Amino acid sequence: MAPTPGPSAVIDRVMNAFTGLTGAPPDGVWSAPGRVNLIGEHTDYNAGLALPIALPRRTYAAARRRDDTRFRLWSAQTQGLTEVDLATVGPGSPTGWTAYAVGVAWALTQADGAAGDRARAVLAGGGGGLDLVIDSTVPLGAGLSSSAALGCAVGAALSDLWGLDLLSSEAGRQELVTATRCAENVVAGAPTGGMDQSASLLCQEGHALLLDCQTGSTRPIPFDLPSHDLALLVVDTKAEHALVDGQYAARRASCERAAGELGVASLRDLDPRSLQIDLAKLSDPIDRARVRHVVTEIERVHESVAAMEQGDFAAVGRLFDESHASLRDDYEVSCAELDVAVEAMVSAGALGARMTGGGFGGSCIGLVPINELEAAVEAVHTAYADRGWPPAEVFTATAAGPAARDA
Ligand code: GLA
């Protein structure tokens, strides 16, 4: 199993890289976690419920203020220097990973309230630019929210370096969720639902975050698997799939079309008790299957929280299995690599397993008794080797803390 690199080593590494690249130390280092969603998939943009945890794997941003509006960015993962003037940032520009970093700065200058006023004042004063060095232990493109972790780490740095004070309160962190989500939706152009940014900024250590995307309310749910002799196994399938953005947008469009046809503002407004009646009203059989997933998935989040609060992880495992089947069959966002890893974990003794995140590749999670852990890891590796697939990366995860200043 791949070990998770310790935070202090990465903080030292990113600080040294910053000093080496820019000739002077940074003003500070900020970091934000990737996430796995325990359950509640493709529900966030339907005003539904999700239940993510923050991963111990984080993206680190070493930053120093500049007295102009330029952002100079280096990344240990992509190498090379990119320069972007904040004055050129807006919808659709820039593209690529830097959209998440400078996009947050732009989004903050568009924000309502005191933070937006302050951000606009920084910009009007001719400053606001940053030198930034990024390093990350979140696997890239693995469905573990490396992009949101980047946006949230830079957002945390901007909060402090622009004097916005958004990290010290829940309300401030919610404003940063809005800005980092705006960067993803408007600047990067990905029509995502905000769960990833909420997880990265609002999760608490040792807890999952019950996220209600209709009200914006959150509730920490204790998530201490070792005390139940369990572990959460994460499998990064390494599967790369084309058309991801189009497929995600298509799922979202299907949900919006169905909500329109049923006369509700969002699928959250459908009553699960009359689901069959509502499904019968839909003209498109594919939309029908999508709606069935969303409505039953929101119910599974309610049931999972209740089961976790009673310490009934056998029930949580069953709900994981049902969620995976629903995502595979009704929502059609799984793939062979995910299905094989999920089946391997379950056949090796996991209480349940499911894909996590957007799907079409990426990662899955298994709820595994500690004494079955080695067998579950072995089962995944064997199943992949049998098919001639490149090895998956497998690691255990605990519920870690949110975006913060590290140095
Ligand atoms: C991606 C998106 C999230 C969410 C999940 C699916 O991670 O970024 O907003 O929609 O997919 O639950």
# chains A, B, ... in the order shown; residues from 1 in each chain; ligands from 1
call {"tool": "residues_around", "arguments": {"residues": "Asn46 (chain A)", "least_positions_apart": "6", "cutoff": "10 Å", "atoms": "only C-alpha atoms", "output": "PDB file with N, CA, C and O atoms, in the first residue's frame"}}
result
ATOM      1  N   GLY A 193     -20.888  20.899  -8.749  1.00  0.00           N
ATOM      2  CA  GLY A 193     -21.928  21.276  -7.798  1.00  0.00           C
ATOM      3  C   GLY A 193     -21.481  21.832  -6.458  1.00  0.00           C
ATOM      4  O   GLY A 193     -22.325  22.128  -5.611  1.00  0.00           O
ATOM      5  N   CYS A 213     -27.183  20.683   0.287  1.00  0.00           N
ATOM      6  CA  CYS A 213     -26.928  21.643  -0.796  1.00  0.00           C
ATOM      7  C   CYS A 213     -28.155  22.483  -1.124  1.00  0.00           C
ATOM      8  O   CYS A 213     -28.085  23.364  -1.975  1.00  0.00           O
ATOM      9  N   GLN A 214     -29.270  22.232  -0.443  1.00  0.00           N
ATOM     10  CA  GLN A 214     -30.435  23.098  -0.624  1.00  0.00           C
ATOM     11  C   GLN A 214     -30.350  24.297   0.313  1.00  0.00           C
ATOM     12  O   GLN A 214     -30.555  25.434  -0.100  1.00  0.00           O
ATOM     13  N   ARG A 252     -26.165  16.347 -15.653  1.00  0.00           N
ATOM     14  CA  ARG A 252     -26.757  17.509 -15.012  1.00  0.00           C
ATOM     15  C   ARG A 252     -27.951  18.023 -15.826  1.00  0.00           C
ATOM     16  O   ARG A 252     -29.008  18.344 -15.271  1.00  0.00           O
ATOM     17  N   CYS A 255     -31.026  15.905 -15.300  1.00  0.00           N
ATOM     18  CA  CYS A 255     -31.695  16.191 -14.015  1.00  0.00           C
ATOM     19  C   CYS A 255     -32.511  17.474 -14.121  1.00  0.00           C
ATOM     20  O   CYS A 255     -33.646  17.548 -13.613  1.00  0.00           O
ATOM     21  N   GLU A 256     -31.937  18.472 -14.753  1.00  0.00           N
ATOM     22  CA  GLU A 256     -32.641  19.762 -14.858  1.00  0.00           C
ATOM     23  C   GLU A 256     -33.880  19.633 -15.749  1.00  0.00           C
ATOM     24  O   GLU A 256     -34.937  20.192 -15.445  1.00  0.00           O
ATOM     25  N   ALA A 259     -36.524  17.801 -13.730  1.00  0.00           N
ATOM     26  CA  ALA A 259     -37.119  18.681 -12.708  1.00  0.00           C
ATOM     27  C   ALA A 259     -38.115  19.622 -13.370  1.00  0.00           C
ATOM     28  O   ALA A 259     -39.225  19.842 -12.838  1.00  0.00           O
ATOM     29  N   ALA A 265     -38.350  22.811  -8.496  1.00  0.00           N
ATOM     30  CA  ALA A 265     -37.144  23.626  -8.677  1.00  0.00           C
ATOM     31  C   ALA A 265     -35.911  22.742  -8.806  1.00  0.00           C
ATOM     32  O   ALA A 265     -34.978  23.053  -9.540  1.00  0.00           O
ATOM     33  N   SER A 266     -35.886  21.636  -8.070  1.00  0.00           N
ATOM     34  CA  SER A 266     -34.763  20.695  -8.159  1.00  0.00           C
ATOM     35  C   SER A 266     -35.284  19.314  -7.783  1.00  0.00           C
ATOM     36  O   SER A 266     -36.366  19.192  -7.190  1.00  0.00           O
ATOM     37  N   LEU A 267     -34.479  18.286  -8.075  1.00  0.00           N
ATOM     38  CA  LEU A 267     -34.925  16.916  -7.766  1.00  0.00           C
ATOM     39  C   LEU A 267     -35.029  16.688  -6.256  1.00  0.00           C
ATOM     40  O   LEU A 267     -35.707  15.763  -5.817  1.00  0.00           O
ATOM     41  N   ARG A 268     -34.397  17.534  -5.481  1.00  0.00           N
ATOM     42  CA  ARG A 268     -34.523  17.437  -4.019  1.00  0.00           C
ATOM     43  C   ARG A 268     -35.977  17.602  -3.580  1.00  0.00           C
ATOM     44  O   ARG A 268     -36.385  17.070  -2.538  1.00  0.00           O
ATOM     45  N   ASP A 269     -36.732  18.332  -4.365  1.00  0.00           N
ATOM     46  CA  ASP A 269     -38.121  18.604  -3.982  1.00  0.00           C
ATOM     47  C   ASP A 269     -39.051  17.422  -4.236  1.00  0.00           C
ATOM     48  O   ASP A 269     -40.234  17.485  -3.894  1.00  0.00           O
ATOM     49  N   VAL A 291     -33.214  10.183 -12.527  1.00  0.00           N
ATOM     50  CA  VAL A 291     -33.988  10.696 -11.383  1.00  0.00           C
ATOM     51  C   VAL A 291     -34.058   9.632 -10.280  1.00  0.00           C
ATOM     52  O   VAL A 291     -33.905   9.941  -9.097  1.00  0.00           O
ATOM     53  N   VAL A 294     -30.918   9.795  -8.281  1.00  0.00           N
ATOM     54  CA  VAL A 294     -30.744  10.979  -7.419  1.00  0.00           C
ATOM     55  C   VAL A 294     -31.659  10.890  -6.190  1.00  0.00           C
ATOM     56  O   VAL A 294     -31.215  11.099  -5.054  1.00  0.00           O
ATOM     57  N   VAL A 295     -32.904  10.524  -6.417  1.00  0.00           N
ATOM     58  CA  VAL A 295     -33.851  10.514  -5.288  1.00  0.00           C
ATOM     59  C   VAL A 295     -33.493   9.399  -4.300  1.00  0.00           C
ATOM     60  O   VAL A 295     -33.491   9.619  -3.081  1.00  0.00           O
ATOM     61  N   ILE A 298     -30.236  10.357  -2.294  1.00  0.00           N
ATOM     62  CA  ILE A 298     -30.441  11.305  -1.186  1.00  0.00           C
ATOM     63  C   ILE A 298     -30.988  10.549   0.039  1.00  0.00           C
ATOM     64  O   ILE A 298     -30.544  10.775   1.171  1.00  0.00           O
TER      65      ILE A 298
END
call {"tool": "closest_atom_pairs", "arguments": {"of": "chain A", "to": "ligand 1", "cutoff": "6 Å", "atoms": "only C-alpha atoms and all ligand atoms", "output": "Markdown table"}}
result
| residue | atom | partner | partner_atom_place_in_ligand_line | distance |
| --- | --- | --- | --- | --- |
| A:Glu41 | CA | ligand 1 | 12 (O) | 3.5 |
| A:His42 | CA | ligand 1 | 12 (O) | 3.6 |
| A:Thr43 | CA | ligand 1 | 12 (O) | 5.9 |
| A:Asp44 | CA | ligand 1 | 10 (O) | 5.5 |
| A:Thr192 | CA | ligand 1 | 9 (O) | 4.1 |
| A:Gly193 | CA | ligand 1 | 9 (O) | 3.5 |
| A:Gly194 | CA | ligand 1 | 9 (O) | 4.7 |
| A:Met195 | CA | ligand 1 | 9 (O) | 4.8 |
| A:Asp196 | CA | ligand 1 | 8 (O) | 5.7 |
| A:Gly357 | CA | ligand 1 | 7 (O) | 4.3 |
| A:Gly358 | CA | ligand 1 | 11 (O) | 3.3 |
call {"tool": "atom_distance", "arguments": {"atom1": "CA of Leu73 (chain A)", "atom2": "CA of Gly96 (chain A)"}}
result
12.5 Å
call {"tool": "residues_around", "arguments": {"residues": "Tyr384 (chain A)", "least_positions_apart": "4", "cutoff": "12 Å", "atoms": "only C-alpha atoms", "output": "list in words"}}
result
Val235, Asp236, Thr237, Lys238, Ala239, Ala336, Glu337, Leu338, Asp339, Val340, Ala341, Val342, Glu343, Ala344, Val377, Glu378, Ala379, Val380, Gly388, Trp389, Pro390, Pro391, Ala392, Glu393 and Val394 of chain A
call {"tool": "select_by_dssp", "arguments": {"residues": "region 79-294 of chain A", "states": "strand (DSSP E or B)", "output": "ChimeraX atom specification"}}
result
/A:81-85,90,93,130-136,207-212,218-222,230-236
call {"tool": "atom_distance", "arguments": {"atom1": "CA of Phe71 (chain A)", "atom2": "CA of Pro91 (chain A)"}}
result
17.1 Å
call {"tool": "closest_residue", "arguments": {"among": "A:Gly127, A:Pro272, A:Gly189, A:Gly311", "to": "Thr69 (chain A)", "atoms": "only C-alpha atoms"}}
result
A:Gly127
call {"tool": "closest_residue", "arguments": {"among": "A:Gly125, A:Gly263, A:Pro191, A:Gly103", "to": "Leu158 (chain A)", "atoms": "only C-alpha atoms"}}
result
A:Gly103
call {"tool": "closest_residue", "arguments": {"among": "A:Ile39, A:Gln77, A:Ile53, A:Arg70", "to": "Asp135 (chain A)", "atoms": "only C-alpha atoms"}}
result
A:Gln77
call {"tool": "closest_residue", "arguments": {"among": "A:Gly90, A:Pro25, A:Gly401, A:Gly366", "to": "Val234 (chain A)", "atoms": "only C-alpha atoms"}}
result
A:Gly366
call {"tool": "closest_residue", "arguments": {"among": "A:Leu211, A:Ala383, A:Ala183, A:Ala249", "to": "Ala47 (chain A)", "atoms": "only C-alpha atoms"}}
result
A:Leu211
call {"tool": "decode", "arguments": {"residues": "region 206-250 of chain A", "atoms": "N, CA and C atoms", "output": "PDB file, in the first residue's frame"}}
result
ATOM      1  N   GLY A 206     -11.714  13.833  11.969  1.00  0.00           N
ATOM      2  CA  GLY A 206     -12.455  12.794  12.697  1.00  0.00           C
ATOM      3  C   GLY A 206     -13.934  12.765  12.380  1.00  0.00           C
ATOM      4  N   HIS A 207     -14.365  13.580  11.429  1.00  0.00           N
ATOM      5  CA  HIS A 207     -15.792  13.683  11.110  1.00  0.00           C
ATOM      6  C   HIS A 207     -16.024  13.676   9.599  1.00  0.00           C
ATOM      7  N   ALA A 208     -17.166  13.135   9.211  1.00  0.00           N
ATOM      8  CA  ALA A 208     -17.673  13.379   7.856  1.00  0.00           C
ATOM      9  C   ALA A 208     -18.510  14.659   7.926  1.00  0.00           C
ATOM     10  N   LEU A 209     -18.752  15.236   6.766  1.00  0.00           N
ATOM     11  CA  LEU A 209     -19.518  16.491   6.706  1.00  0.00           C
ATOM     12  C   LEU A 209     -20.849  16.214   6.012  1.00  0.00           C
ATOM     13  N   LEU A 210     -21.925  16.309   6.772  1.00  0.00           N
ATOM     14  CA  LEU A 210     -23.243  16.180   6.133  1.00  0.00           C
ATOM     15  C   LEU A 210     -23.572  17.535   5.524  1.00  0.00           C
ATOM     16  N   LEU A 211     -23.639  17.529   4.211  1.00  0.00           N
ATOM     17  CA  LEU A 211     -23.778  18.770   3.456  1.00  0.00           C
ATOM     18  C   LEU A 211     -25.164  18.804   2.835  1.00  0.00           C
ATOM     19  N   ASP A 212     -25.935  19.810   3.196  1.00  0.00           N
ATOM     20  CA  ASP A 212     -27.260  19.977   2.599  1.00  0.00           C
ATOM     21  C   ASP A 212     -27.144  21.074   1.545  1.00  0.00           C
ATOM     22  N   CYS A 213     -27.183  20.683   0.287  1.00  0.00           N
ATOM     23  CA  CYS A 213     -26.928  21.643  -0.796  1.00  0.00           C
ATOM     24  C   CYS A 213     -28.155  22.483  -1.124  1.00  0.00           C
ATOM     25  N   GLN A 214     -29.270  22.232  -0.443  1.00  0.00           N
ATOM     26  CA  GLN A 214     -30.435  23.098  -0.624  1.00  0.00           C
ATOM     27  C   GLN A 214     -30.350  24.297   0.313  1.00  0.00           C
ATOM     28  N   THR A 215     -30.013  24.027   1.570  1.00  0.00           N
ATOM     29  CA  THR A 215     -29.971  25.108   2.568  1.00  0.00           C
ATOM     30  C   THR A 215     -28.557  25.644   2.756  1.00  0.00           C
ATOM     31  N   GLY A 216     -27.556  24.900   2.300  1.00  0.00           N
ATOM     32  CA  GLY A 216     -26.166  25.279   2.555  1.00  0.00           C
ATOM     33  C   GLY A 216     -25.715  24.903   3.960  1.00  0.00           C
ATOM     34  N   SER A 217     -26.587  24.254   4.736  1.00  0.00           N
ATOM     35  CA  SER A 217     -26.209  23.924   6.118  1.00  0.00           C
ATOM     36  C   SER A 217     -25.299  22.693   6.138  1.00  0.00           C
ATOM     37  N   THR A 218     -24.510  22.595   7.187  1.00  0.00           N
ATOM     38  CA  THR A 218     -23.585  21.471   7.329  1.00  0.00           C
ATOM     39  C   THR A 218     -23.684  20.924   8.750  1.00  0.00           C
ATOM     40  N   ARG A 219     -23.380  19.639   8.900  1.00  0.00           N
ATOM     41  CA  ARG A 219     -23.351  19.033  10.245  1.00  0.00           C
ATOM     42  C   ARG A 219     -22.215  18.020  10.284  1.00  0.00           C
ATOM     43  N   PRO A 220     -21.290  18.169  11.259  1.00  0.00           N
ATOM     44  CA  PRO A 220     -20.226  17.173  11.359  1.00  0.00           C
ATOM     45  C   PRO A 220     -20.769  15.858  11.940  1.00  0.00           C
ATOM     46  N   ILE A 221     -20.430  14.746  11.298  1.00  0.00           N
ATOM     47  CA  ILE A 221     -20.875  13.428  11.753  1.00  0.00           C
ATOM     48  C   ILE A 221     -19.636  12.639  12.173  1.00  0.00           C
ATOM     49  N   PRO A 222     -19.553  12.247  13.466  1.00  0.00           N
ATOM     50  CA  PRO A 222     -18.347  11.520  13.899  1.00  0.00           C
ATOM     51  C   PRO A 222     -18.071  10.326  12.985  1.00  0.00           C
ATOM     52  N   PHE A 223     -16.806  10.198  12.586  1.00  0.00           N
ATOM     53  CA  PHE A 223     -16.430   9.126  11.655  1.00  0.00           C
ATOM     54  C   PHE A 223     -15.101   8.557  12.118  1.00  0.00           C
ATOM     55  N   ASP A 224     -15.197   7.656  13.088  1.00  0.00           N
ATOM     56  CA  ASP A 224     -14.000   7.087  13.697  1.00  0.00           C
ATOM     57  C   ASP A 224     -14.007   5.585  13.456  1.00  0.00           C
ATOM     58  N   LEU A 225     -13.538   5.191  12.276  1.00  0.00           N
ATOM     59  CA  LEU A 225     -13.612   3.779  11.904  1.00  0.00           C
ATOM     60  C   LEU A 225     -12.751   2.868  12.773  1.00  0.00           C
ATOM     61  N   PRO A 226     -11.509   3.291  13.173  1.00  0.00           N
ATOM     62  CA  PRO A 226     -10.684   2.364  13.965  1.00  0.00           C
ATOM     63  C   PRO A 226     -11.388   1.878  15.237  1.00  0.00           C
ATOM     64  N   SER A 227     -12.235   2.731  15.839  1.00  0.00           N
ATOM     65  CA  SER A 227     -12.912   2.284  17.062  1.00  0.00           C
ATOM     66  C   SER A 227     -13.962   1.211  16.753  1.00  0.00           C
ATOM     67  N   HIS A 228     -14.257   1.004  15.478  1.00  0.00           N
ATOM     68  CA  HIS A 228     -15.152  -0.095  15.071  1.00  0.00           C
ATOM     69  C   HIS A 228     -14.361  -1.194  14.357  1.00  0.00           C
ATOM     70  N   ASP A 229     -13.026  -1.170  14.526  1.00  0.00           N
ATOM     71  CA  ASP A 229     -12.148  -2.156  13.856  1.00  0.00           C
ATOM     72  C   ASP A 229     -12.325  -2.165  12.341  1.00  0.00           C
ATOM     73  N   LEU A 230     -12.547  -0.970  11.805  1.00  0.00           N
ATOM     74  CA  LEU A 230     -12.734  -0.833  10.358  1.00  0.00           C
ATOM     75  C   LEU A 230     -11.731   0.169   9.794  1.00  0.00           C
ATOM     76  N   ALA A 231     -11.549   0.110   8.486  1.00  0.00           N
ATOM     77  CA  ALA A 231     -10.732   1.113   7.799  1.00  0.00           C
ATOM     78  C   ALA A 231     -11.415   1.459   6.479  1.00  0.00           C
ATOM     79  N   LEU A 232     -11.120   2.653   5.996  1.00  0.00           N
ATOM     80  CA  LEU A 232     -11.633   3.067   4.690  1.00  0.00           C
ATOM     81  C   LEU A 232     -10.500   2.902   3.681  1.00  0.00           C
ATOM     82  N   LEU A 233     -10.717   2.031   2.734  1.00  0.00           N
ATOM     83  CA  LEU A 233      -9.714   1.792   1.697  1.00  0.00           C
ATOM     84  C   LEU A 233     -10.081   2.618   0.470  1.00  0.00           C
ATOM     85  N   VAL A 234      -9.108   3.343  -0.064  1.00  0.00           N
ATOM     86  CA  VAL A 234      -9.325   4.134  -1.277  1.00  0.00           C
ATOM     87  C   VAL A 234      -8.535   3.478  -2.406  1.00  0.00           C
ATOM     88  N   VAL A 235      -9.186   3.250  -3.528  1.00  0.00           N
ATOM     89  CA  VAL A 235      -8.515   2.691  -4.704  1.00  0.00           C
ATOM     90  C   VAL A 235      -8.574   3.721  -5.816  1.00  0.00           C
ATOM     91  N   ASP A 236      -7.402   4.241  -6.168  1.00  0.00           N
ATOM     92  CA  ASP A 236      -7.309   5.104  -7.357  1.00  0.00           C
ATOM     93  C   ASP A 236      -7.108   4.167  -8.540  1.00  0.00           C
ATOM     94  N   THR A 237      -8.150   4.047  -9.367  1.00  0.00           N
ATOM     95  CA  THR A 237      -8.118   3.041 -10.441  1.00  0.00           C
ATOM     96  C   THR A 237      -7.118   3.378 -11.536  1.00  0.00           C
ATOM     97  N   LYS A 238      -6.685   4.639 -11.584  1.00  0.00           N
ATOM     98  CA  LYS A 238      -5.783   5.111 -12.657  1.00  0.00           C
ATOM     99  C   LYS A 238      -6.447   5.044 -14.029  1.00  0.00           C
ATOM    100  N   ALA A 239      -7.750   4.802 -14.050  1.00  0.00           N
ATOM    101  CA  ALA A 239      -8.440   4.706 -15.336  1.00  0.00           C
ATOM    102  C   ALA A 239      -8.681   6.106 -15.871  1.00  0.00           C
ATOM    103  N   GLU A 240      -8.278   6.319 -17.104  1.00  0.00           N
ATOM    104  CA  GLU A 240      -8.507   7.627 -17.724  1.00  0.00           C
ATOM    105  C   GLU A 240      -9.627   7.506 -18.732  1.00  0.00           C
ATOM    106  N   HIS A 241     -10.565   8.408 -18.644  1.00  0.00           N
ATOM    107  CA  HIS A 241     -11.691   8.342 -19.565  1.00  0.00           C
ATOM    108  C   HIS A 241     -11.884   9.663 -20.281  1.00  0.00           C
ATOM    109  N   ALA A 242     -12.133   9.566 -21.568  1.00  0.00           N
ATOM    110  CA  ALA A 242     -12.395  10.774 -22.358  1.00  0.00           C
ATOM    111  C   ALA A 242     -13.830  11.227 -22.118  1.00  0.00           C
ATOM    112  N   LEU A 243     -14.174  12.390 -22.587  1.00  0.00           N
ATOM    113  CA  LEU A 243     -15.550  12.897 -22.580  1.00  0.00           C
ATOM    114  C   LEU A 243     -16.120  13.143 -21.196  1.00  0.00           C
ATOM    115  N   VAL A 244     -15.241  13.191 -20.192  1.00  0.00           N
ATOM    116  CA  VAL A 244     -15.748  13.320 -18.830  1.00  0.00           C
ATOM    117  C   VAL A 244     -16.594  14.577 -18.676  1.00  0.00           C
ATOM    118  N   ASP A 245     -16.075  15.687 -19.168  1.00  0.00           N
ATOM    119  CA  ASP A 245     -16.801  16.941 -18.939  1.00  0.00           C
ATOM    120  C   ASP A 245     -18.172  16.895 -19.597  1.00  0.00           C
ATOM    121  N   GLY A 246     -18.198  16.400 -20.844  1.00  0.00           N
ATOM    122  CA  GLY A 246     -19.470  16.325 -21.558  1.00  0.00           C
ATOM    123  C   GLY A 246     -20.450  15.388 -20.865  1.00  0.00           C
ATOM    124  N   GLN A 247     -19.945  14.271 -20.355  1.00  0.00           N
ATOM    125  CA  GLN A 247     -20.817  13.308 -19.680  1.00  0.00           C
ATOM    126  C   GLN A 247     -21.386  13.891 -18.389  1.00  0.00           C
ATOM    127  N   TYR A 248     -20.543  14.593 -17.658  1.00  0.00           N
ATOM    128  CA  TYR A 248     -21.006  15.214 -16.409  1.00  0.00           C
ATOM    129  C   TYR A 248     -22.102  16.228 -16.718  1.00  0.00           C
ATOM    130  N   ALA A 249     -21.826  17.081 -17.703  1.00  0.00           N
ATOM    131  CA  ALA A 249     -22.807  18.106 -18.079  1.00  0.00           C
ATOM    132  C   ALA A 249     -24.104  17.464 -18.569  1.00  0.00           C
ATOM    133  N   ALA A 250     -23.969  16.328 -19.263  1.00  0.00           N
ATOM    134  CA  ALA A 250     -25.172  15.639 -19.771  1.00  0.00           C
ATOM    135  C   ALA A 250     -26.020  15.104 -18.614  1.00  0.00           C
TER     136      ALA A 250
END
